[in-house]
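The next block is run02.cif, given as mmCIF, C-alpha atoms.
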```
data_structure
loop_
_atom_site.label_atom_id
_atom_site.label_comp_id
_atom_site.auth_asym_id
_atom_site.auth_seq_id
_atom_site.Cartn_x
_atom_site.Cartn_y
_atom_site.Cartn_z
CA MET A 1 -28.69 16.40 -3.05
CA ILE A 2 -26.52 13.84 -1.27
CA ARG A 3 -23.47 15.53 0.23
CA ILE A 4 -20.30 13.45 0.42
CA ALA A 5 -16.98 13.51 2.21
CA GLN A 6 -14.28 11.47 0.49
CA ILE A 7 -11.32 10.11 2.43
CA GLY A 8 -8.35 9.26 0.23
CA TYR A 9 -7.05 10.71 -3.02
CA GLY A 10 -4.34 8.24 -3.97
CA TYR A 11 -4.51 5.67 -6.77
CA TRP A 12 -8.29 5.20 -7.01
CA GLY A 13 -9.49 8.34 -5.26
CA PRO A 14 -9.30 10.65 -8.31
CA ASN A 15 -11.59 8.31 -10.26
CA LEU A 16 -14.15 8.24 -7.47
CA LEU A 17 -14.08 12.01 -7.05
CA ARG A 18 -14.48 12.64 -10.78
CA ASN A 19 -17.47 10.34 -11.10
CA PHE A 20 -19.32 11.56 -8.02
CA MET A 21 -18.76 15.16 -9.12
CA SER A 22 -20.36 14.32 -12.47
CA LEU A 23 -23.69 13.32 -10.88
CA GLY A 24 -26.51 15.80 -10.70
CA ASN A 25 -27.92 14.55 -7.40
CA ALA A 26 -24.68 14.30 -5.40
CA ASN A 27 -21.66 16.42 -4.60
CA VAL A 28 -18.34 15.82 -2.86
CA ASP A 29 -18.13 18.73 -0.43
CA VAL A 30 -15.06 17.62 1.52
CA LEU A 31 -11.91 15.80 0.38
CA ILE A 32 -9.51 14.44 2.97
CA ASP A 33 -5.99 13.12 2.41
CA SER A 34 -2.80 13.04 4.46
CA GLN A 35 -0.75 14.55 1.61
CA THR A 36 -1.36 18.23 0.94
CA GLU A 37 0.07 18.04 -2.59
CA ARG A 38 -2.72 15.63 -3.54
CA LEU A 39 -5.29 18.00 -2.09
CA ASP A 40 -3.80 20.88 -4.08
CA GLN A 41 -4.13 18.83 -7.28
CA ALA A 42 -7.79 18.10 -6.55
CA SER A 43 -8.54 21.73 -5.73
CA LYS A 44 -7.26 22.82 -9.12
CA LEU A 45 -9.74 20.46 -10.79
CA PHE A 46 -12.64 21.19 -8.43
CA PRO A 47 -12.27 24.66 -6.87
CA THR A 48 -15.41 24.29 -4.71
CA LEU A 49 -13.87 21.43 -2.70
CA VAL A 50 -13.15 21.92 0.97
CA THR A 51 -9.91 20.05 1.65
CA SER A 52 -8.52 18.74 4.91
CA THR A 53 -5.87 16.44 6.33
CA SER A 54 -8.04 15.39 9.28
CA VAL A 55 -10.49 12.50 8.93
CA ASP A 56 -12.50 13.99 11.82
CA ASP A 57 -13.86 16.53 9.35
CA ALA A 58 -15.76 13.73 7.60
CA PHE A 59 -17.50 12.56 10.76
CA SER A 60 -18.20 15.79 12.67
CA ASN A 61 -19.76 17.70 9.77
CA ASN A 62 -23.55 17.43 10.16
CA SER A 63 -24.17 18.46 6.55
CA ILE A 64 -22.38 15.35 5.25
CA ASP A 65 -24.71 12.47 4.36
CA ALA A 66 -22.20 9.89 3.14
CA VAL A 67 -18.52 9.03 3.37
CA VAL A 68 -16.55 7.47 0.51
CA ILE A 69 -13.43 5.67 1.75
CA ALA A 70 -10.55 5.13 -0.69
CA THR A 71 -7.68 4.24 1.63
CA PRO A 72 -5.52 1.14 2.31
CA VAL A 73 -7.47 -1.91 3.45
CA PHE A 74 -6.02 -1.91 6.98
CA THR A 75 -7.76 1.46 7.61
CA HIS A 76 -11.18 0.46 6.26
CA TYR A 77 -12.68 -1.01 9.42
CA ASP A 78 -11.86 1.90 11.71
CA LEU A 79 -12.88 4.62 9.25
CA ALA A 80 -16.10 2.90 8.19
CA LYS A 81 -17.09 2.18 11.79
CA ARG A 82 -16.56 5.81 12.78
CA ALA A 83 -18.57 6.99 9.77
CA LEU A 84 -21.49 4.64 10.47
CA LEU A 85 -21.56 5.52 14.16
CA ALA A 86 -21.65 9.18 13.12
CA GLY A 87 -24.78 8.45 11.08
CA LYS A 88 -23.22 8.49 7.61
CA HIS A 89 -23.78 6.14 4.67
CA VAL A 90 -20.54 4.47 3.59
CA LEU A 91 -18.93 3.36 0.34
CA LEU A 92 -15.77 1.32 0.93
CA GLU A 93 -13.05 0.67 -1.62
CA LYS A 94 -12.35 -3.03 -2.19
CA PRO A 95 -11.49 -5.24 -0.41
CA MET A 96 -14.13 -4.40 2.19
CA THR A 97 -12.10 -5.15 5.32
CA ALA A 98 -9.04 -7.09 6.46
CA THR A 99 -11.06 -9.81 8.25
CA VAL A 100 -14.47 -11.49 8.17
CA ALA A 101 -15.14 -10.41 11.76
CA GLN A 102 -14.62 -6.76 10.82
CA ALA A 103 -16.96 -7.04 7.84
CA LYS A 104 -19.70 -8.67 9.93
CA GLU A 105 -19.44 -5.98 12.59
CA LEU A 106 -19.73 -3.17 10.04
CA ILE A 107 -22.80 -4.82 8.50
CA ASP A 108 -24.40 -5.08 11.96
CA ILE A 109 -23.67 -1.42 12.75
CA ALA A 110 -25.07 -0.29 9.40
CA ALA A 111 -28.28 -2.24 10.07
CA GLN A 112 -28.60 -0.79 13.57
CA LYS A 113 -28.08 2.74 12.31
CA GLY A 114 -30.28 2.28 9.24
CA LYS A 115 -27.42 3.35 6.95
CA LEU A 116 -26.21 2.02 3.62
CA LEU A 117 -22.92 0.14 3.55
CA MET A 118 -21.66 -0.59 0.04
CA VAL A 119 -18.39 -1.91 -1.43
CA ASP A 120 -16.67 -0.57 -4.54
CA HIS A 121 -16.83 -3.77 -6.61
CA THR A 122 -16.71 -1.83 -9.86
CA PHE A 123 -16.60 -4.87 -12.17
CA LEU A 124 -20.21 -5.72 -11.28
CA TYR A 125 -21.18 -2.64 -13.29
CA THR A 126 -19.31 -3.47 -16.49
CA GLY A 127 -21.39 -4.23 -19.55
CA ALA A 128 -19.56 -7.56 -19.89
CA VAL A 129 -20.51 -8.81 -16.42
CA GLU A 130 -24.05 -7.51 -16.86
CA LYS A 131 -24.32 -9.57 -20.05
CA MET A 132 -22.89 -12.65 -18.32
CA LYS A 133 -25.43 -12.25 -15.53
CA ALA A 134 -28.30 -11.86 -18.03
CA LEU A 135 -27.24 -14.97 -19.98
CA LYS A 136 -26.98 -16.97 -16.78
CA ASP A 137 -30.32 -15.76 -15.36
CA GLU A 138 -32.23 -16.48 -18.56
CA GLY A 139 -30.83 -20.02 -18.61
CA ALA A 140 -28.83 -19.63 -21.83
CA LEU A 141 -25.68 -21.07 -20.26
CA GLY A 142 -27.37 -24.05 -18.66
CA ASP A 143 -25.99 -25.31 -15.34
CA LEU A 144 -22.78 -23.54 -14.35
CA LYS A 145 -19.76 -25.85 -14.36
CA TYR A 146 -16.67 -23.71 -13.86
CA PHE A 147 -15.33 -20.18 -13.48
CA ASP A 148 -11.75 -19.41 -14.44
CA SER A 149 -9.98 -16.08 -13.90
CA THR A 150 -6.53 -14.87 -14.95
CA ARG A 151 -5.46 -11.45 -13.72
CA ILE A 152 -1.72 -11.00 -14.18
CA ASN A 153 0.67 -8.19 -15.02
CA LEU A 154 4.03 -6.66 -14.12
CA GLY A 155 2.34 -4.61 -11.49
CA LEU A 156 2.65 -2.48 -8.40
CA ILE A 157 3.76 -4.74 -5.55
CA GLN A 158 1.83 -3.90 -2.40
CA GLN A 159 3.52 -3.72 0.99
CA ASP A 160 0.57 -4.65 3.19
CA VAL A 161 -1.39 -7.36 1.31
CA ASN A 162 -0.49 -10.19 -1.03
CA VAL A 163 -1.44 -10.47 -4.69
CA LEU A 164 -4.70 -12.33 -3.95
CA TRP A 165 -5.97 -9.54 -1.69
CA ASP A 166 -4.93 -6.96 -4.28
CA LEU A 167 -6.14 -8.50 -7.56
CA ALA A 168 -8.58 -11.32 -6.80
CA PRO A 169 -11.39 -9.24 -5.17
CA HIS A 170 -12.43 -7.97 -8.62
CA ASP A 171 -13.16 -11.42 -9.97
CA ILE A 172 -14.25 -13.02 -6.67
CA SER A 173 -16.98 -10.38 -6.47
CA VAL A 174 -18.06 -11.34 -10.01
CA LEU A 175 -18.06 -15.01 -9.01
CA ASP A 176 -20.27 -14.22 -6.01
CA TYR A 177 -22.60 -12.14 -8.22
CA LEU A 178 -23.00 -14.91 -10.80
CA SER A 179 -23.21 -17.92 -8.51
CA ASP A 180 -26.42 -18.96 -6.77
CA GLU A 181 -24.51 -20.92 -4.12
CA LEU A 182 -21.90 -20.12 -1.52
CA PRO A 183 -18.56 -21.97 -1.63
CA ILE A 184 -17.67 -24.64 0.92
CA SER A 185 -13.86 -24.50 0.88
CA VAL A 186 -10.73 -23.14 -0.77
CA ASN A 187 -7.19 -24.22 -1.59
CA ALA A 188 -4.50 -21.62 -2.24
CA THR A 189 -0.80 -21.71 -3.02
CA GLY A 190 1.66 -18.96 -3.71
CA VAL A 191 5.21 -17.72 -3.37
CA SER A 192 7.03 -14.56 -2.40
CA HIS A 193 9.90 -13.86 -4.77
CA ILE A 194 10.71 -10.66 -2.89
CA HIS A 195 11.31 -12.57 0.36
CA ASN A 196 9.09 -10.44 2.57
CA GLY A 197 6.37 -13.02 3.19
CA ILE A 198 3.95 -11.28 0.80
CA GLU A 199 3.08 -13.56 -2.12
CA ASN A 200 3.48 -11.92 -5.52
CA VAL A 201 2.25 -14.99 -7.45
CA ALA A 202 -0.70 -17.05 -6.22
CA TYR A 203 -3.29 -19.59 -7.33
CA LEU A 204 -6.67 -20.02 -5.67
CA THR A 205 -9.29 -22.75 -6.13
CA VAL A 206 -12.80 -22.27 -4.73
CA ASN A 207 -14.88 -25.41 -4.20
CA TYR A 208 -18.66 -25.74 -4.25
CA GLN A 209 -21.04 -28.47 -3.10
CA ASN A 210 -22.52 -29.16 -6.55
CA ASN A 211 -19.21 -29.74 -8.42
CA PHE A 212 -19.08 -26.17 -9.64
CA ILE A 213 -15.47 -25.02 -9.29
CA ALA A 214 -13.66 -21.69 -9.60
CA HIS A 215 -9.97 -20.97 -10.16
CA PHE A 216 -7.95 -17.75 -9.92
CA ASN A 217 -4.47 -17.03 -11.26
CA CYS A 218 -3.02 -13.77 -9.89
CA SER A 219 0.44 -12.32 -10.39
CA TRP A 220 2.37 -9.08 -10.08
CA SER A 221 5.29 -10.68 -11.93
CA SER A 222 4.02 -11.42 -15.43
CA PRO A 223 5.69 -9.83 -18.48
CA VAL A 224 2.25 -9.56 -20.13
CA LYS A 225 -0.96 -8.07 -18.85
CA ILE A 226 -3.91 -10.48 -19.04
CA ARG A 227 -7.44 -9.85 -17.81
CA LEU A 228 -9.37 -12.95 -18.80
CA MET A 229 -12.46 -14.59 -17.34
CA LEU A 230 -14.20 -17.79 -18.47
CA LEU A 231 -17.63 -18.97 -17.37
CA GLY A 232 -18.55 -22.47 -18.47
CA GLY A 233 -22.06 -23.87 -18.52
CA SER A 234 -23.66 -27.09 -19.68
CA GLU A 235 -25.07 -25.31 -22.75
CA LYS A 236 -22.77 -22.39 -23.55
CA MET A 237 -19.47 -20.91 -22.47
CA VAL A 238 -18.52 -17.24 -22.14
CA VAL A 239 -15.10 -15.62 -22.50
CA PHE A 240 -14.62 -12.11 -21.10
CA ASN A 241 -11.36 -10.54 -22.27
CA ASP A 242 -11.10 -7.12 -20.67
CA MET A 243 -8.03 -6.27 -22.77
CA GLU A 244 -10.17 -6.27 -25.92
CA PRO A 245 -11.15 -2.70 -26.80
CA THR A 246 -14.61 -3.55 -28.19
CA GLU A 247 -15.38 -7.28 -28.44
CA LYS A 248 -14.97 -7.96 -24.73
CA ILE A 249 -17.51 -10.82 -24.57
CA LYS A 250 -17.68 -13.89 -26.77
CA VAL A 251 -20.31 -16.60 -26.30
CA TYR A 252 -19.44 -20.11 -27.48
CA ASP A 253 -22.25 -22.51 -28.28
CA THR A 254 -19.99 -25.33 -27.16
CA ALA A 255 -20.66 -28.04 -24.62
CA HIS A 256 -20.47 -31.76 -23.99
CA ASN A 257 -22.99 -34.40 -23.01
CA VAL A 258 -22.09 -37.43 -20.94
CA SER A 259 -23.91 -40.76 -21.23
CA THR A 260 -23.23 -44.31 -20.06
CA LEU A 261 -23.48 -47.51 -22.09
CA GLU A 262 -24.79 -49.81 -19.39
CA GLU A 263 -23.91 -53.04 -21.20
CA LYS A 264 -20.27 -52.02 -21.54
CA GLN A 265 -19.98 -49.86 -18.42
CA LYS A 266 -18.40 -47.14 -20.52
CA VAL A 267 -18.83 -43.40 -20.30
CA MET A 268 -19.51 -41.78 -23.67
CA ILE A 269 -18.80 -38.08 -24.19
CA ASP A 270 -20.51 -36.24 -27.02
CA TYR A 271 -18.93 -32.88 -27.86
CA ARG A 272 -20.96 -30.15 -29.52
CA VAL A 273 -19.13 -27.30 -31.22
CA GLY A 274 -21.42 -24.57 -32.51
CA ASP A 275 -21.40 -20.89 -33.33
CA VAL A 276 -19.46 -18.15 -31.64
CA TYR A 277 -21.14 -14.79 -31.35
CA VAL A 278 -20.22 -11.41 -29.93
CA PRO A 279 -23.15 -9.79 -28.11
CA LYS A 280 -23.51 -6.05 -27.91
CA ILE A 281 -22.70 -4.68 -24.48
CA GLU A 282 -22.99 -1.27 -22.87
CA LEU A 283 -19.66 0.57 -22.77
CA ALA A 284 -20.62 3.21 -20.18
CA GLU A 285 -18.05 3.84 -17.45
CA PRO A 286 -18.70 1.22 -14.73
CA LEU A 287 -17.55 3.46 -11.89
CA LYS A 288 -20.12 6.11 -12.79
CA LYS A 289 -22.85 3.45 -12.73
CA LEU A 290 -21.60 2.33 -9.33
CA ALA A 291 -21.67 5.93 -8.05
CA GLN A 292 -25.22 6.30 -9.36
CA ASP A 293 -26.24 3.04 -7.66
CA PHE A 294 -24.79 4.26 -4.35
CA ILE A 295 -26.74 7.52 -4.48
CA SER A 296 -29.93 5.85 -5.75
CA SER A 297 -29.79 3.24 -2.99
CA ILE A 298 -29.50 5.98 -0.38
CA GLU A 299 -32.41 7.93 -1.85
CA ASN A 300 -34.67 4.89 -2.28
CA ASN A 301 -33.52 2.87 0.75
CA SER A 302 -32.78 -0.03 -1.61
CA GLU A 303 -30.10 -2.72 -1.86
CA PRO A 304 -27.22 -1.87 -4.25
CA ARG A 305 -25.75 -4.37 -6.65
CA ALA A 306 -22.35 -4.15 -4.92
CA SER A 307 -23.84 -4.93 -1.54
CA ALA A 308 -22.11 -5.29 1.80
CA LEU A 309 -23.13 -8.96 1.83
CA GLY A 310 -21.27 -9.47 -1.45
CA GLY A 311 -18.30 -7.71 0.14
CA LEU A 312 -18.48 -10.07 3.11
CA ASN A 313 -18.66 -13.14 0.85
CA THR A 314 -15.53 -11.92 -0.94
CA ILE A 315 -13.67 -11.48 2.36
CA ARG A 316 -14.72 -14.98 3.45
CA ILE A 317 -12.93 -16.44 0.43
CA LEU A 318 -9.87 -14.19 0.82
CA GLU A 319 -9.48 -14.92 4.53
CA ALA A 320 -9.77 -18.67 3.97
CA ALA A 321 -7.27 -18.38 1.11
CA GLN A 322 -4.85 -16.58 3.43
CA HIS A 323 -5.00 -19.50 5.89
CA SER A 324 -4.57 -22.03 3.06
CA ILE A 325 -1.63 -20.29 1.42
CA LYS A 326 0.28 -20.20 4.70
CA GLN A 327 -0.34 -23.97 5.08
CA ASN A 328 0.94 -24.92 1.63
CA GLY A 329 -2.43 -25.28 -0.04
CA LYS A 330 -4.34 -27.07 2.73
CA GLU A 331 -8.11 -27.17 2.10
CA ILE A 332 -9.78 -24.64 4.35
CA LYS A 333 -13.50 -24.81 5.04
CA ILE A 334 -15.46 -21.57 4.72
CA GLU A 335 -17.62 -20.81 7.71
CA ILE A 336 -20.89 -19.08 6.88
#
```

Now, as a test, write the supplied structure out as structure tokens.
Amino acid sequence: MIRIAQIGYGYWGPNLLRNFMSLGNANVDVLIDSQTERLDQASKLFPTLVTSTSVDDAFSNNSIDAVVIATPVFTHYDLAKRALLAGKHVLLEKPMTATVAQAKELIDIAAQKGKLLMVDHTFLYTGAVEKMKALKDEGALGDLKYFDSTRINLGLIQQDVNVLWDLAPHDISVLDYLSDELPISVNATGVSHIHNGIENVAYLTVNYQNNFIAHFNCSWSSPVKIRLMLLGGSEKMVVFNDMEPTEKIKVYDTAHNVSTLEEKQKVMIDYRVGDVYVPKIELAEPLKKLAQDFISSIENNSEPRASALGGLNTIRILEAAQHSIKQNGKEIKIEI
């Protein structure tokens, strides 16, 4: 039995608590939050919980094996570092940290301590992304050409991070999971309509060496909610519409071939439009699968799907995007 202390019971915390409590080989023994009314709510649902307002109770308790951190991003580094140094495994809510340097240091500490460090990139456990990964790995899509993400809504405006840091980590983590290469640079633009320097609408382009390109459209100011992802290959294209209740994935047997007529020095483009099919995907709750992966990785000393390295790669893109957006879209190289 893996015994867990969870820090944070705000927006995402209740979902984490519910899923970890549903596992047979794990239990959340201690729940910590600064607001006692939140703790009272949790205690009514799970009477066996020990609740506290002090984070020290997560680190000093020798019976605790792992710490789940569901707090604002600016607290992640300090809390995760303390947990790792106390000999605990750690699951961090996305985004992993506020800087690349912080993420690298946490990875180093986890390696030194022999502890698991994992990031809550829940979308990697959706049936849709699993199907996209399977299609890509079996070669059905051909060579990847582009990745396009739209994640917009009339949403909760954050006070500490801009819209890219809030919404883009979901789809950047998917991009990292699907791509075999690391990006070389980014360009980002955005605007703050609330005049506090925090962009509520932003556009991010991620550039790769082999002409693969990725684009992200993120907004807290859209009158409609759209959760759409496109993955284009040389053989097939995939559309993932997370707003669809059942048919979330559609695969298009559509592509184009490029050839050159040497005698006329002309480029000829041959378009192929074929069938569209809707593959069956698993509709199990992704967060429960993530919780299971966290516990299984601890028990088996194995690498989870939502690894710390994937978390670091996501922060690399976000940090570079932050520099670009403050320089009006200047191309920023990504240091690996």

Smallest atom-to-atom distance to A:Asn313: which of A:Val28, A:Val50, A:Ala5, A:Val119, using only C-alpha atoms?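 Nearest candidate to A:Asn313 out of A:Val28, A:Val50, A:Ala5, A:Val119: A:Val119.
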
Using the chain letters and numbers from this file, what does the PyMOL selection byres ((chain A and resi 75) around 12) select? Give the answer as a PDB file with C-alpha atoms, in the frame of the given file.
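Below you can see part_27.pdb, which holds the result:
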```pdb
ATOM      1  CA  ILE A   7     -11.320  10.110   2.430  1.00  0.00           C
ATOM      2  CA  GLY A   8      -8.350   9.260   0.230  1.00  0.00           C
ATOM      3  CA  VAL A  55     -10.490  12.500   8.930  1.00  0.00           C
ATOM      4  CA  ILE A  69     -13.430   5.670   1.750  1.00  0.00           C
ATOM      5  CA  ALA A  70     -10.550   5.130  -0.690  1.00  0.00           C
ATOM      6  CA  THR A  71      -7.680   4.240   1.630  1.00  0.00           C
ATOM      7  CA  PRO A  72      -5.520   1.140   2.310  1.00  0.00           C
ATOM      8  CA  VAL A  73      -7.470  -1.910   3.450  1.00  0.00           C
ATOM      9  CA  PHE A  74      -6.020  -1.910   6.980  1.00  0.00           C
ATOM     10  CA  HIS A  76     -11.180   0.460   6.260  1.00  0.00           C
ATOM     11  CA  TYR A  77     -12.680  -1.010   9.420  1.00  0.00           C
ATOM     12  CA  ASP A  78     -11.860   1.900  11.710  1.00  0.00           C
ATOM     13  CA  LEU A  79     -12.880   4.620   9.250  1.00  0.00           C
ATOM     14  CA  ALA A  80     -16.100   2.900   8.190  1.00  0.00           C
ATOM     15  CA  LYS A  81     -17.090   2.180  11.790  1.00  0.00           C
ATOM     16  CA  ARG A  82     -16.560   5.810  12.780  1.00  0.00           C
ATOM     17  CA  LEU A  92     -15.770   1.320   0.930  1.00  0.00           C
ATOM     18  CA  GLU A  93     -13.050   0.670  -1.620  1.00  0.00           C
ATOM     19  CA  LYS A  94     -12.350  -3.030  -2.190  1.00  0.00           C
ATOM     20  CA  PRO A  95     -11.490  -5.240  -0.410  1.00  0.00           C
ATOM     21  CA  MET A  96     -14.130  -4.400   2.190  1.00  0.00           C
ATOM     22  CA  THR A  97     -12.100  -5.150   5.320  1.00  0.00           C
ATOM     23  CA  ALA A  98      -9.040  -7.090   6.460  1.00  0.00           C
ATOM     24  CA  THR A  99     -11.060  -9.810   8.250  1.00  0.00           C
ATOM     25  CA  GLN A 102     -14.620  -6.760  10.820  1.00  0.00           C
ATOM     26  CA  ASP A 160       0.570  -4.650   3.190  1.00  0.00           C
TER      27      ASP A 160
END
```

With the file shown as input, list the residues that the PyMOL selection byres ((chain A and resi 124-138) around 8) selects, as a count of residues only. 26

Can you work out the spacing between atom CA of A:Ala291 and atom CA of A:Phe20 in Å, to one decimal?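 Taking atom CA of A:Ala291 as the start and atom CA of A:Phe20 as the end point, the length is 6.1 Å.
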
What are the nearest atom pairs, with distances in Å to one decimal, for all residues of stretch 205-255 of chain A that come at most 6 Å from stretch 146-159 of chain A, using only C-alpha atoms, set out by chain and rising residue number as CSV?
```
residue,atom,partner,partner_atom,distance
A:Phe212,CA,A:Tyr146,CA,5.4
A:Ile213,CA,A:Tyr146,CA,4.9
A:Ala214,CA,A:Phe147,CA,4.5
A:His215,CA,A:Asp148,CA,4.9
A:Phe216,CA,A:Ser149,CA,4.8
A:Asn217,CA,A:Thr150,CA,4.7
A:Cys218,CA,A:Arg151,CA,5.1
A:Ser219,CA,A:Ile152,CA,4.6
A:Trp220,CA,A:Gly155,CA,4.7
A:Ser221,CA,A:Leu154,CA,4.7
A:Ser222,CA,A:Asn153,CA,4.7
A:Pro223,CA,A:Leu154,CA,5.6
A:Val224,CA,A:Asn153,CA,5.5
A:Lys225,CA,A:Asn153,CA,4.2
A:Ile226,CA,A:Ile152,CA,5.4
A:Arg227,CA,A:Arg151,CA,4.8
A:Leu228,CA,A:Thr150,CA,5.2
A:Met229,CA,A:Ser149,CA,4.5
A:Leu230,CA,A:Asp148,CA,5.0
A:Leu231,CA,A:Phe147,CA,4.7
A:Gly232,CA,A:Tyr146,CA,5.1
```

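Among the candidates A:Val278, A:Leu144, A:Val163, A:Val67, the residue lying nearest to A:His193 is A:Val163 (atoms considered: only C-alpha atoms).
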
Pick out the closest residue to A:Ser234 from this set: A:Lys145, A:Trp12, A:Leu312, A:Asn200. Count all atoms listed in the file.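 Of the candidates, the smallest distance to A:Ser234 is held by A:Lys145.
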
May I have the residues within 10 Å of A:Leu318 as a VMD selection string, using only C-alpha atoms and disregarding those fewer than 4 positions away in the same chain? chain A and resid 95 98 to 100 164 to 165 168 to 169 172 186 188 204 312 to 314 322 to 324

Filtering to C-alpha atoms, could you give me those residues as a short mmCIF file (atom, residue, chain, number, x, y, z; two decimals), in the frame of the given file?
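Contents of again_7.cif, freshly written:
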```cif
data_model
loop_
_atom_site.label_atom_id
_atom_site.label_comp_id
_atom_site.auth_asym_id
_atom_site.auth_seq_id
_atom_site.Cartn_x
_atom_site.Cartn_y
_atom_site.Cartn_z
CA PRO A 95 -11.49 -5.24 -0.41
CA ALA A 98 -9.04 -7.09 6.46
CA THR A 99 -11.06 -9.81 8.25
CA VAL A 100 -14.47 -11.49 8.17
CA LEU A 164 -4.70 -12.33 -3.95
CA TRP A 165 -5.97 -9.54 -1.69
CA ALA A 168 -8.58 -11.32 -6.80
CA PRO A 169 -11.39 -9.24 -5.17
CA ILE A 172 -14.25 -13.02 -6.67
CA VAL A 186 -10.73 -23.14 -0.77
CA ALA A 188 -4.50 -21.62 -2.24
CA LEU A 204 -6.67 -20.02 -5.67
CA LEU A 312 -18.48 -10.07 3.11
CA ASN A 313 -18.66 -13.14 0.85
CA THR A 314 -15.53 -11.92 -0.94
CA GLN A 322 -4.85 -16.58 3.43
CA HIS A 323 -5.00 -19.50 5.89
CA SER A 324 -4.57 -22.03 3.06
#
```

From atom CA of A:Gly310 to atom CA of A:Leu106 the spacing works out at 13.2 Å

Taking the file as shown, what set of residues would the PyMOL selection byres ((chain A and resi 336) around 12) give back, as a list in words?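 Written out, the selection comes to Val100, Ala101, Lys104, Glu181, Leu182, Pro183, Ile184, Ser185, Leu309, Leu312, Asn313, Thr314, Ile315, Arg316, Ile317, Ala320, Lys333, Ile334 and Glu335 of chain A.
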
Complete stretch 139-152 of chain A at the level of N, CA and C atoms, written as a PDB file, in the coordinates of the input.
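The new file selection.pdb reads:
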```pdb
ATOM      1  N   GLY A 139     -31.035 -18.594 -18.383  1.00  0.00           N
ATOM      2  CA  GLY A 139     -30.830 -20.020 -18.610  1.00  0.00           C
ATOM      3  C   GLY A 139     -30.065 -20.364 -19.870  1.00  0.00           C
ATOM      4  N   ALA A 140     -29.515 -19.365 -20.562  1.00  0.00           N
ATOM      5  CA  ALA A 140     -28.830 -19.630 -21.830  1.00  0.00           C
ATOM      6  C   ALA A 140     -27.556 -20.447 -21.649  1.00  0.00           C
ATOM      7  N   LEU A 141     -26.928 -20.347 -20.490  1.00  0.00           N
ATOM      8  CA  LEU A 141     -25.680 -21.070 -20.260  1.00  0.00           C
ATOM      9  C   LEU A 141     -25.901 -22.476 -19.743  1.00  0.00           C
ATOM     10  N   GLY A 142     -27.110 -22.763 -19.290  1.00  0.00           N
ATOM     11  CA  GLY A 142     -27.370 -24.050 -18.660  1.00  0.00           C
ATOM     12  C   GLY A 142     -26.870 -24.037 -17.220  1.00  0.00           C
ATOM     13  N   ASP A 143     -26.538 -25.210 -16.701  1.00  0.00           N
ATOM     14  CA  ASP A 143     -25.990 -25.310 -15.340  1.00  0.00           C
ATOM     15  C   ASP A 143     -24.535 -24.863 -15.352  1.00  0.00           C
ATOM     16  N   LEU A 144     -24.153 -24.013 -14.410  1.00  0.00           N
ATOM     17  CA  LEU A 144     -22.780 -23.540 -14.350  1.00  0.00           C
ATOM     18  C   LEU A 144     -21.845 -24.667 -13.916  1.00  0.00           C
ATOM     19  N   LYS A 145     -20.717 -24.785 -14.614  1.00  0.00           N
ATOM     20  CA  LYS A 145     -19.760 -25.850 -14.360  1.00  0.00           C
ATOM     21  C   LYS A 145     -18.439 -25.329 -13.787  1.00  0.00           C
ATOM     22  N   TYR A 146     -17.949 -24.218 -14.337  1.00  0.00           N
ATOM     23  CA  TYR A 146     -16.670 -23.710 -13.860  1.00  0.00           C
ATOM     24  C   TYR A 146     -16.547 -22.219 -14.121  1.00  0.00           C
ATOM     25  N   PHE A 147     -15.677 -21.604 -13.357  1.00  0.00           N
ATOM     26  CA  PHE A 147     -15.330 -20.180 -13.480  1.00  0.00           C
ATOM     27  C   PHE A 147     -13.819 -20.108 -13.416  1.00  0.00           C
ATOM     28  N   ASP A 148     -13.206 -19.463 -14.394  1.00  0.00           N
ATOM     29  CA  ASP A 148     -11.750 -19.410 -14.440  1.00  0.00           C
ATOM     30  C   ASP A 148     -11.306 -17.963 -14.677  1.00  0.00           C
ATOM     31  N   SER A 149     -10.417 -17.476 -13.837  1.00  0.00           N
ATOM     32  CA  SER A 149      -9.980 -16.080 -13.900  1.00  0.00           C
ATOM     33  C   SER A 149      -8.462 -15.996 -13.958  1.00  0.00           C
ATOM     34  N   THR A 150      -7.957 -15.183 -14.884  1.00  0.00           N
ATOM     35  CA  THR A 150      -6.530 -14.870 -14.950  1.00  0.00           C
ATOM     36  C   THR A 150      -6.372 -13.361 -14.893  1.00  0.00           C
ATOM     37  N   ARG A 151      -5.681 -12.899 -13.891  1.00  0.00           N
ATOM     38  CA  ARG A 151      -5.460 -11.450 -13.720  1.00  0.00           C
ATOM     39  C   ARG A 151      -3.991 -11.272 -13.349  1.00  0.00           C
ATOM     40  N   ILE A 152      -3.167 -11.063 -14.372  1.00  0.00           N
ATOM     41  CA  ILE A 152      -1.720 -11.000 -14.180  1.00  0.00           C
ATOM     42  C   ILE A 152      -1.133  -9.810 -14.906  1.00  0.00           C
TER      43      ILE A 152
END
```
